[in-house]
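Asks: This structure is in structure tokens; I'll ask about it shortly.
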Amino acid sequence: MKIKEFFKKLFTQCIGLKILAALLAFLALVVVQACVL
Amino acid sequence: MTISEITEKILAVLTDFHWTYVLEFVMFYTVIYYALKVCWRNNAKSVVWLYTFGFLALLAIALFGKSNLGVYVFLLVFIVISGFLLSMFSVEIKRSIWYAKRPSLQMAEKNAPKTKISIKEQACIDNIVHAVQNLSKNDVGALIVLSAGNLPKEVVESGVLLNSAISSQLIEGIFVPKAPLHDGAMIVYGDKIQAAGCFLPLTQKEFPKEFGTRHRAGIGVTEIADVMVIIVSEETGIISTVKEGNITRYVNTEGLKNFLKEYYTKEFGADGKKAEGKTR
């Protein structure tokens with residue numbers, strides 16, 4: 001329950017979205033470069 | 001590609017750092033963050049998770065696919081889906097851009113109850129409040145747009161240009177049933193009635209059935225421009241105010257005065273500087 005609340009709070013403050021976006025952007029960068037190389 | 005080959009390539013990317021990687025990361029981050037934020041803020045949380053899983057699935061295809069074509073498919077689908085999400089919520093994005101562009105507006109909103117209103121602005125507020133009260137009392141429908149000079153030209157020119165001083169008699173006269181201009185919207189810009197009988201775009205959002213065309217038009221115009229709207233219902237005489245697509249019903253005199261004060265604080269500035277001559 002506490003973990004659920006923690007994630008809810010994280011996303012309502014948009015910090016979670018920033019972390020998620022940064023993670024996805026990093027993955028995209030690595031994959032694109034790895035495939036192109 | 002085998003897993004060892006993939007690990008090798010990923011390690012090669014991480015060790016062989018190039019400054020263009022930073023730019024690439026920033027571009028990816030910006031598009032992904034805004035697409036996710038717009039969905040999250042507009043109650044489309046399931047889309048956030050769908051976007052994330054779709055994104056990861058495409059990355060997996062690009063990584064484990066037999067040819068390099070997967071990465072191009074990933075980039076294409078990523079651009080198309082992100083563009084689609086951003087365009088789907090274009091109204092909300094526009095509004096957030098206006099808000100971010102005008103820090104003075106954020107300050108004015110915070111300080112609205114404290115800021116002073118000049119005598120001329122107070123006269124405008126009194127005239128509008130008096131007219132709206134009379135219209136409400138007599139169940140006469142009215143639609144008043146408080147413009148910040150940012151309405152599309154087509155909207156303003158769809159009615160009759162007036163550029164006249166604000167007076168309660170004139171406002172009441174415009175909205176008298178059977179009067180030629182009573183069916184459209186009246187546009188107020190600062191201390192002038194800019195135009196009357198204007199046609200506004202209708203909102204496409206879901207609203208209760210008691211909201212007629214007048215209410216839908218009042219909400220619709222706040223979706224395309226940063227304006228405030230006062231609506232008087234023809235059936236019930238209920239006064240409503242609309243701001244940023246949100247409607248407030250059953251507004252009393254005090255609420256209406258505060259709404260107009262907020263507009264004049266925003267339009268004329270906290271220092272009482274006039275917006276005269278800005279009419280377009």
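By order of appearance in the structure tokens: chains A, B, ..., then residues from 1 within every chain, and ligands from 1 in the order shown.
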At a cut-off of 9 Å, can you tabulate as JSON lines every residue of chain B near chain A together with its closest atom pair and the distance in Å to one decimal, using only C-alpha atoms and ordering rows by chain then number?

Replies:
{"residue": "B:Ile6", "atom": "CA", "partner": "A:Ala34", "partner_atom": "CA", "distance": 7.4}
{"residue": "B:Glu8", "atom": "CA", "partner": "A:Ala34", "partner_atom": "CA", "distance": 8.9}
{"residue": "B:Lys9", "atom": "CA", "partner": "A:Ala34", "partner_atom": "CA", "distance": 5.2}
{"residue": "B:Ile10", "atom": "CA", "partner": "A:Ala34", "partner_atom": "CA", "distance": 5.6}
{"residue": "B:Leu11", "atom": "CA", "partner": "A:Ala34", "partner_atom": "CA", "distance": 8.8}
{"residue": "B:Ala12", "atom": "CA", "partner": "A:Ala34", "partner_atom": "CA", "distance": 7.8}
{"residue": "B:Val13", "atom": "CA", "partner": "A:Ala34", "partner_atom": "CA", "distance": 6.3}
{"residue": "B:Leu14", "atom": "CA", "partner": "A:Val30", "partner_atom": "CA", "distance": 7.7}
{"residue": "B:Tyr21", "atom": "CA", "partner": "A:Leu29", "partner_atom": "CA", "distance": 7.3}
{"residue": "B:Glu24", "atom": "CA", "partner": "A:Leu29", "partner_atom": "CA", "distance": 6.8}
{"residue": "B:Phe25", "atom": "CA", "partner": "A:Ala25", "partner_atom": "CA", "distance": 5.8}
{"residue": "B:Val26", "atom": "CA", "partner": "A:Ala25", "partner_atom": "CA", "distance": 7.9}
{"residue": "B:Met27", "atom": "CA", "partner": "A:Ala25", "partner_atom": "CA", "distance": 8.3}
{"residue": "B:Phe28", "atom": "CA", "partner": "A:Ala25", "partner_atom": "CA", "distance": 5.0}
{"residue": "B:Tyr29", "atom": "CA", "partner": "A:Ala25", "partner_atom": "CA", "distance": 5.0}
{"residue": "B:Thr30", "atom": "CA", "partner": "A:Ala21", "partner_atom": "CA", "distance": 8.1}
{"residue": "B:Val31", "atom": "CA", "partner": "A:Ala21", "partner_atom": "CA", "distance": 8.7}
{"residue": "B:Ile32", "atom": "CA", "partner": "A:Ala21", "partner_atom": "CA", "distance": 5.5}
{"residue": "B:Tyr33", "atom": "CA", "partner": "A:Ala21", "partner_atom": "CA", "distance": 5.0}
{"residue": "B:Tyr34", "atom": "CA", "partner": "A:Ala21", "partner_atom": "CA", "distance": 8.8}
{"residue": "B:Leu36", "atom": "CA", "partner": "A:Leu17", "partner_atom": "CA", "distance": 6.9}
{"residue": "B:Lys37", "atom": "CA", "partner": "A:Leu17", "partner_atom": "CA", "distance": 6.8}
{"residue": "B:Trp40", "atom": "CA", "partner": "A:Phe11", "partner_atom": "CA", "distance": 8.5}
{"residue": "B:Arg41", "atom": "CA", "partner": "A:Thr12", "partner_atom": "CA", "distance": 8.8}
{"residue": "B:Thr52", "atom": "CA", "partner": "A:Leu24", "partner_atom": "CA", "distance": 7.9}
{"residue": "B:Phe55", "atom": "CA", "partner": "A:Leu24", "partner_atom": "CA", "distance": 7.8}
{"residue": "B:Leu56", "atom": "CA", "partner": "A:Leu24", "partner_atom": "CA", "distance": 7.9}
{"residue": "B:Leu59", "atom": "CA", "partner": "A:Val31", "partner_atom": "CA", "distance": 6.8}
{"residue": "B:Ala60", "atom": "CA", "partner": "A:Val31", "partner_atom": "CA", "distance": 8.7}
{"residue": "B:Ala62", "atom": "CA", "partner": "A:Cys35", "partner_atom": "CA", "distance": 7.4}
{"residue": "B:Leu63", "atom": "CA", "partner": "A:Val31", "partner_atom": "CA", "distance": 6.4}
{"residue": "B:Asn68", "atom": "CA", "partner": "A:Cys35", "partner_atom": "CA", "distance": 6.3}
{"residue": "B:Gly70", "atom": "CA", "partner": "A:Cys35", "partner_atom": "CA", "distance": 8.7}
{"residue": "B:Val71", "atom": "CA", "partner": "A:Val32", "partner_atom": "CA", "distance": 6.2}
{"residue": "B:Tyr72", "atom": "CA", "partner": "A:Val32", "partner_atom": "CA", "distance": 8.7}
{"residue": "B:Phe74", "atom": "CA", "partner": "A:Val32", "partner_atom": "CA", "distance": 8.9}
{"residue": "B:Leu75", "atom": "CA", "partner": "A:Val32", "partner_atom": "CA", "distance": 8.6}

Asks: Using only C-alpha atoms, which protein or nucleic acid residues come within 6 Å of stretch 233-237 of chain B? Drop anything in the same chain fewer than 5 positions from it, and give the result as a ChimeraX atom specification.

Replies: /B:136,139-141

Asks: Please provide as a list in words all residues within 12 Å of B:Glu206, with the sequence filter that same-chain residues fewer than 4 positions apart are discarded (counting only C-alpha atoms).

Replies: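 Those residues are Leu202, Glu210, Phe211, Gly212, Arg216, Ile219, Gly220 and Gly245 of chain B.
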
Asks: Please compute the atom CA of B:Arg214-atom CA of B:Gly197 distance, one decimal, in Å.

Replies: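 Atom-to-atom, atom CA of B:Arg214 and atom CA of B:Gly197 are spaced 12.1 Å apart.
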